[in-house]
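Enquirer: Structure below; questions to follow.
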Amino acid sequence: MKKILIMMIIIMLGCSYKDGYKLIVGIIKPSLNHLPLDFALAIDILDREKYIIKEFTSGWETNEALISGKIDIAIMPFTYTWLDASNGYKVRIISFFERESDGIITHPDIKKLDHIQGKRIGVLRASTLDIFAEIMSDDHNIEMEFVYFRTPMDMAAALYSGEVDALSYYVPSIFKLADEYNIVYWYGDDYPFHTCCDISATEDAINSKGELIQNFLNGLEFAIKELNRHAELAYKAVEEFFGLYSPYSENSLHHTKYVMGLDEIMKEFELNAFNKMIEKGYGEHPVKPENVYFEIK
């Protein structure tokens with residue numbers, strides 16, 4: 001009996017060790033932001049055995065999992081990580097990733113951006129969809145009533161019911177509404193190649209799983225190059241992983257870019273976005289970029 005118990009403990013310890021050296025990655029399932037990851041796993045650029053992929057329905061859910069240590073790394077809106085750093089959570093942005101991808105979609109009777117003056121716009125609180133809409137409001141001198149939601153599904157339902165007149169929404173879901181509603185603006189119109197969803201990691205994972213994280217980033221970089229090199233392959237990947245078909249697959253990628261690294265211009269862009277969060281009362285403590293970013297080497 002004692003030998004059996006010892007063997008069971010050895011087996012359990014062995015399993016724990018193996019799982020501990022997998023990288024646990026959180027993604028927002030409805031978002032196109034994880035396309036290169038899906039592609040990298042599908043064609044074995046990344047070894048699926050080394051990763052545990054956990055799916056969430058929204059950015060705030062993904063962020064809650066990250067700050068609680070349930071996942072090691074996440075692809076999610078950068079606003080959450082800045083707010084985390086401001087609140088003292090041990091998470092860092094390790095690379096920019098998805099660029100652009102967000103815009104404003106409206107009821108059929110609203111055909112131009114300035115027609116949303118005084119209208120109700122649905123946003124996800126504290127997300128890039130929220131802050132980008134605020135920045136647009138300032139830039140274009142458009143006043144709107146912000147209505148806050150927790151999930152993208154709730155937002156779409158509110159547009160259908162008439163609870164809101166417009167949504168600050170994202171690819172590819174924005175195109176699923178485009179047959180009935182009007183896309184009147186893309187945030188990339190004013191800020192080309194702006195960051196949206198970054199790759200964030202816990203400091204614990206950075207310290208204990210650095211090699212896995214570096215391999216992860218290398219695999220994503222390679223996947224992006226392949227998708228950029230072969231447009232038809234990229235369209236097929238969108239169709240395969242997200243169920244979108246032409247012209248929505250092409251349109252989605254036209255408004256979504258993938259560029260990694262940590263360039264200074266986008267650090268400044270994200271800092272300005274976080275300052276807007278401070279103005280809105282989401283964060284009380286200013287934070288310096290050097291306390292937000294960490295470059296994996």
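Numbering starts fresh at 1 for the residues of each chain in the structure tokens, the chains themselves are lettered A, B, ... in the order given, and ligands are numbered from 1 as they appear.
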Do you know which residues are at most 8 Å from segment 181-184 of chain A counting only C-alpha atoms, after dropping those on the same chain fewer than 2 positions away, and could you put them as a list in words?

Expert: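 Skipping anything fewer than 2 positions along the chain leaves Gly103, Ile104, Ile105, Thr106, His107, Pro108, Ile110, Lys111, Lys112, Leu113, Ile174, Leu177, Ala178, Asp179 and Trp186 of chain A.
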
Enquirer: Can you pull out the residues contacting segment 142-147 of chain A? Cut-off 6 Å, using only C-alpha atoms, and skip same-chain residues under 4 positions away; I want them as a ChimeraX atom specification.

Expert: /A:117-122,137

Enquirer: Go ahead and save the picked residues with N, CA and C atoms, as a CSV table (one decimal), in the first residue's frame.

Expert:
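That gives us selection_35.csv:
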chain,number,residue,atom,x,y,z
A,117,GLN,N,-23.7,63.2,-33.1
A,117,GLN,CA,-23.7,64.2,-32.1
A,117,GLN,C,-24.9,64.1,-31.2
A,118,GLY,N,-24.7,64.0,-29.9
A,118,GLY,CA,-25.8,63.9,-28.9
A,118,GLY,C,-26.4,62.5,-28.8
A,119,LYS,N,-25.9,61.5,-29.6
A,119,LYS,CA,-26.5,60.2,-29.6
A,119,LYS,C,-25.9,59.3,-28.5
A,120,ARG,N,-26.5,58.1,-28.3
A,120,ARG,CA,-26.0,57.2,-27.3
A,120,ARG,C,-25.1,56.2,-28.0
A,121,ILE,N,-23.9,56.0,-27.4
A,121,ILE,CA,-22.9,55.0,-28.0
A,121,ILE,C,-22.6,54.0,-26.9
A,122,GLY,N,-22.6,52.7,-27.3
A,122,GLY,CA,-22.3,51.6,-26.4
A,122,GLY,C,-20.8,51.3,-26.5
A,137,SER,N,-14.1,61.7,-29.7
A,137,SER,CA,-15.0,62.7,-29.3
A,137,SER,C,-14.3,64.1,-29.1

Enquirer: Near segment 197-205 of chain A, within 6 Å and counting only C-alpha atoms, which residues show up once chain neighbours fewer than 5 positions away are dropped, as a count of residues only?

Expert: 16

Enquirer: Determine which residues of segment 15-162 of chain A receive a DSSP assignment of alpha helix (DSSP H), computed from the backbone, and state them as an MDAnalysis selection string.

Expert: chainID A and resid 15:20 35:42 59:67 78:86 128:140 152:161

Enquirer: Kindly indicate which residue among A:Ile116, A:Leu212, A:Asn141, A:Met153 lies nearest to Ala166 of chain A, using only C-alpha atoms for the distances.

Expert: A:Ile116

Enquirer: What parts of segment 101-200 of chain A does DSSP call strand (DSSP E)? I'd like the answer as number ranges by chain.

Expert: A: 102-106, 120-124, 145-149, 166-170, 182-186, 195-200

Enquirer: For segment 283-289 of chain A, please output as a list in words all residues within 9 Å (counting only C-alpha atoms; exclusion window: fewer than 3 positions along the same chain).

Expert: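 Those residues are Trp82, Leu83, Ala85, Ser86, Asn87, Lys267, Glu268, Glu270, Leu271, Phe274, Asn275, Met277, Ile278, Glu279, Lys280, Val292 and Tyr293 of chain A.
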
Enquirer: Mind writing the picked residues with N, CA and C atoms as a PDB file, in the first residue's frame?

Expert:
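Wrote it out as selection.pdb, contents follow:
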ATOM      1  N   TRP A  82      -2.394  48.831 -18.504  1.00  0.00           N
ATOM      2  CA  TRP A  82      -2.002  50.119 -17.926  1.00  0.00           C
ATOM      3  C   TRP A  82      -2.720  50.354 -16.597  1.00  0.00           C
ATOM      4  N   LEU A  83      -4.000  50.033 -16.576  1.00  0.00           N
ATOM      5  CA  LEU A  83      -4.767  50.208 -15.339  1.00  0.00           C
ATOM      6  C   LEU A  83      -4.265  49.241 -14.261  1.00  0.00           C
ATOM      7  N   ALA A  85      -1.176  48.119 -13.943  1.00  0.00           N
ATOM      8  CA  ALA A  85       0.094  48.651 -13.454  1.00  0.00           C
ATOM      9  C   ALA A  85      -0.148  49.820 -12.494  1.00  0.00           C
ATOM     10  N   SER A  86      -1.133  50.649 -12.825  1.00  0.00           N
ATOM     11  CA  SER A  86      -1.475  51.778 -11.968  1.00  0.00           C
ATOM     12  C   SER A  86      -1.971  51.318 -10.605  1.00  0.00           C
ATOM     13  N   ASN A  87      -2.634  50.155 -10.598  1.00  0.00           N
ATOM     14  CA  ASN A  87      -3.198  49.625  -9.350  1.00  0.00           C
ATOM     15  C   ASN A  87      -2.251  48.670  -8.628  1.00  0.00           C
ATOM     16  N   LYS A 267       4.228  53.621 -27.603  1.00  0.00           N
ATOM     17  CA  LYS A 267       4.268  53.793 -26.152  1.00  0.00           C
ATOM     18  C   LYS A 267       3.653  55.139 -25.774  1.00  0.00           C
ATOM     19  N   GLU A 268       3.989  56.154 -26.551  1.00  0.00           N
ATOM     20  CA  GLU A 268       3.442  57.493 -26.300  1.00  0.00           C
ATOM     21  C   GLU A 268       1.935  57.511 -26.548  1.00  0.00           C
ATOM     22  N   GLU A 270      -0.148  55.015 -26.210  1.00  0.00           N
ATOM     23  CA  GLU A 270      -0.813  54.313 -25.115  1.00  0.00           C
ATOM     24  C   GLU A 270      -0.792  55.139 -23.831  1.00  0.00           C
ATOM     25  N   LEU A 271       0.296  55.864 -23.605  1.00  0.00           N
ATOM     26  CA  LEU A 271       0.359  56.749 -22.441  1.00  0.00           C
ATOM     27  C   LEU A 271      -0.738  57.809 -22.523  1.00  0.00           C
ATOM     28  N   PHE A 274      -3.973  56.264 -21.660  1.00  0.00           N
ATOM     29  CA  PHE A 274      -4.122  56.044 -20.221  1.00  0.00           C
ATOM     30  C   PHE A 274      -4.423  57.352 -19.496  1.00  0.00           C
ATOM     31  N   ASN A 275      -3.844  58.452 -19.949  1.00  0.00           N
ATOM     32  CA  ASN A 275      -4.156  59.746 -19.344  1.00  0.00           C
ATOM     33  C   ASN A 275      -5.632  60.068 -19.494  1.00  0.00           C
ATOM     34  N   MET A 277      -7.886  57.777 -19.436  1.00  0.00           N
ATOM     35  CA  MET A 277      -8.510  56.939 -18.413  1.00  0.00           C
ATOM     36  C   MET A 277      -8.458  57.617 -17.041  1.00  0.00           C
ATOM     37  N   ILE A 278      -7.358  58.286 -16.768  1.00  0.00           N
ATOM     38  CA  ILE A 278      -7.239  59.045 -15.519  1.00  0.00           C
ATOM     39  C   ILE A 278      -8.317  60.122 -15.476  1.00  0.00           C
ATOM     40  N   GLU A 279      -8.500  60.823 -16.603  1.00  0.00           N
ATOM     41  CA  GLU A 279      -9.526  61.875 -16.685  1.00  0.00           C
ATOM     42  C   GLU A 279     -10.914  61.317 -16.405  1.00  0.00           C
ATOM     43  N   LYS A 280     -11.173  60.095 -16.872  1.00  0.00           N
ATOM     44  CA  LYS A 280     -12.480  59.483 -16.689  1.00  0.00           C
ATOM     45  C   LYS A 280     -12.663  58.872 -15.296  1.00  0.00           C
ATOM     46  N   VAL A 292       5.345  49.787 -17.142  1.00  0.00           N
ATOM     47  CA  VAL A 292       4.289  49.071 -17.884  1.00  0.00           C
ATOM     48  C   VAL A 292       4.893  48.038 -18.843  1.00  0.00           C
ATOM     49  N   TYR A 293       6.007  48.401 -19.483  1.00  0.00           N
ATOM     50  CA  TYR A 293       6.569  47.561 -20.543  1.00  0.00           C
ATOM     51  C   TYR A 293       7.762  46.764 -20.042  1.00  0.00           C
TER      52      TYR A 293
END

Enquirer: Neighbours of Lys276 of chain A within 8 Å (only C-alpha atoms; same-chain residues fewer than 5 positions away dropped), as a ChimeraX atom specification?

Expert: /A:131,134-135

Enquirer: With N, CA, C and O atoms retained, export the selected residues as a PDB file, in the first residue's frame.

Expert:
ATOM      1  N   ILE A 131     -12.045  54.099 -24.600  1.00  0.00           N
ATOM      2  CA  ILE A 131     -11.097  55.212 -24.618  1.00  0.00           C
ATOM      3  C   ILE A 131     -10.932  55.791 -26.017  1.00  0.00           C
ATOM      4  O   ILE A 131     -10.831  57.018 -26.192  1.00  0.00           O
ATOM      5  N   GLU A 134     -13.688  58.120 -26.678  1.00  0.00           N
ATOM      6  CA  GLU A 134     -13.462  59.393 -25.978  1.00  0.00           C
ATOM      7  C   GLU A 134     -12.466  60.266 -26.742  1.00  0.00           C
ATOM      8  O   GLU A 134     -12.654  61.479 -26.871  1.00  0.00           O
ATOM      9  N   ILE A 135     -11.400  59.652 -27.237  1.00  0.00           N
ATOM     10  CA  ILE A 135     -10.400  60.402 -28.001  1.00  0.00           C
ATOM     11  C   ILE A 135     -11.018  60.968 -29.276  1.00  0.00           C
ATOM     12  O   ILE A 135     -10.787  62.126 -29.632  1.00  0.00           O
TER      13      ILE A 135
END

Enquirer: Between atom CA of Asn63 of chain A and atom CA of Tyr80 of chain A, what is the spacing in Å?

Expert: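 Going from atom CA of Tyr80 of chain A over to atom CA of Asn63 of chain A, I get 6.7 Å.
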
Enquirer: Using only C-alpha atoms, which protein or nucleic acid residues come within 12 Å of Leu233 of chain A? Drop anything in the same chain fewer than 4 positions from it, and give the result as a VMD selection string.

Expert: chain A and resid 35 to 36 39 43 223 to 229 237 to 240 249 to 250 253

Enquirer: For atom CA of Ile45 of chain A and atom CA of Gly219 of chain A, quote the distance in Å rounded to one decimal.

Expert: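 Separation of atom CA of Ile45 of chain A and atom CA of Gly219 of chain A: 5.8 Å.
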
Enquirer: Considering only C-alpha atoms, state which residue in the set A:Asn33, A:Asn207, A:Ser58, A:Ser246 is at the smallest distance from Met155 of chain A.

Expert: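 Residue with the minimum atom-to-atom distance to Met155 of chain A: A:Ser58.
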
Enquirer: Leaving out Asp139 of chain A and any residue of its chain fewer than 5 positions from it, which residues lie within 12 Å of it when counting only C-alpha atoms, given as a list in words?

Expert: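 The residues that qualify are Asp114, Phe132, Ala133, Glu134, Tyr187, Asp189, Asp190 and Tyr191 of chain A.
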
Enquirer: Between A:Ala40, A:Tyr248, A:Ile52, A:Ser31, which has the minimum distance to Tyr169 of chain A (counting only C-alpha atoms)?

Expert: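 Under the stated criterion, the closest residue is A:Ser31.
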
Enquirer: Which of these, A:Leu159, A:Phe149, A:His34, A:Val25, has the shortest distance to Thr62 of chain A once you count only C-alpha atoms?

Expert: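 Under the stated criterion, the closest residue is A:Val25.
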
Enquirer: Please compute the atom CA of Ser127 of chain A-atom CA of Asp154 of chain A distance, one decimal, in Å.

Expert: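 Interatomic distance, atom CA of Ser127 of chain A to atom CA of Asp154 of chain A: 14.8 Å.
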
Enquirer: A:Val259, A:Ala126, A:Ala156, A:Ile24: which is nearest Leu66 of chain A, counting only C-alpha atoms?

Expert: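 Comparing A:Val259, A:Ala126, A:Ala156, A:Ile24 against Leu66 of chain A, the winner is A:Ile24.
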
Enquirer: Let me make sure I understand: among A:Tyr258, A:Phe193, A:Phe294, A:Tyr21, which one has the smallest atom-to-atom distance to Ala234 of chain A if we use only C-alpha atoms?

Expert: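 Nearest candidate to Ala234 of chain A out of A:Tyr258, A:Phe193, A:Phe294, A:Tyr21: A:Tyr258.
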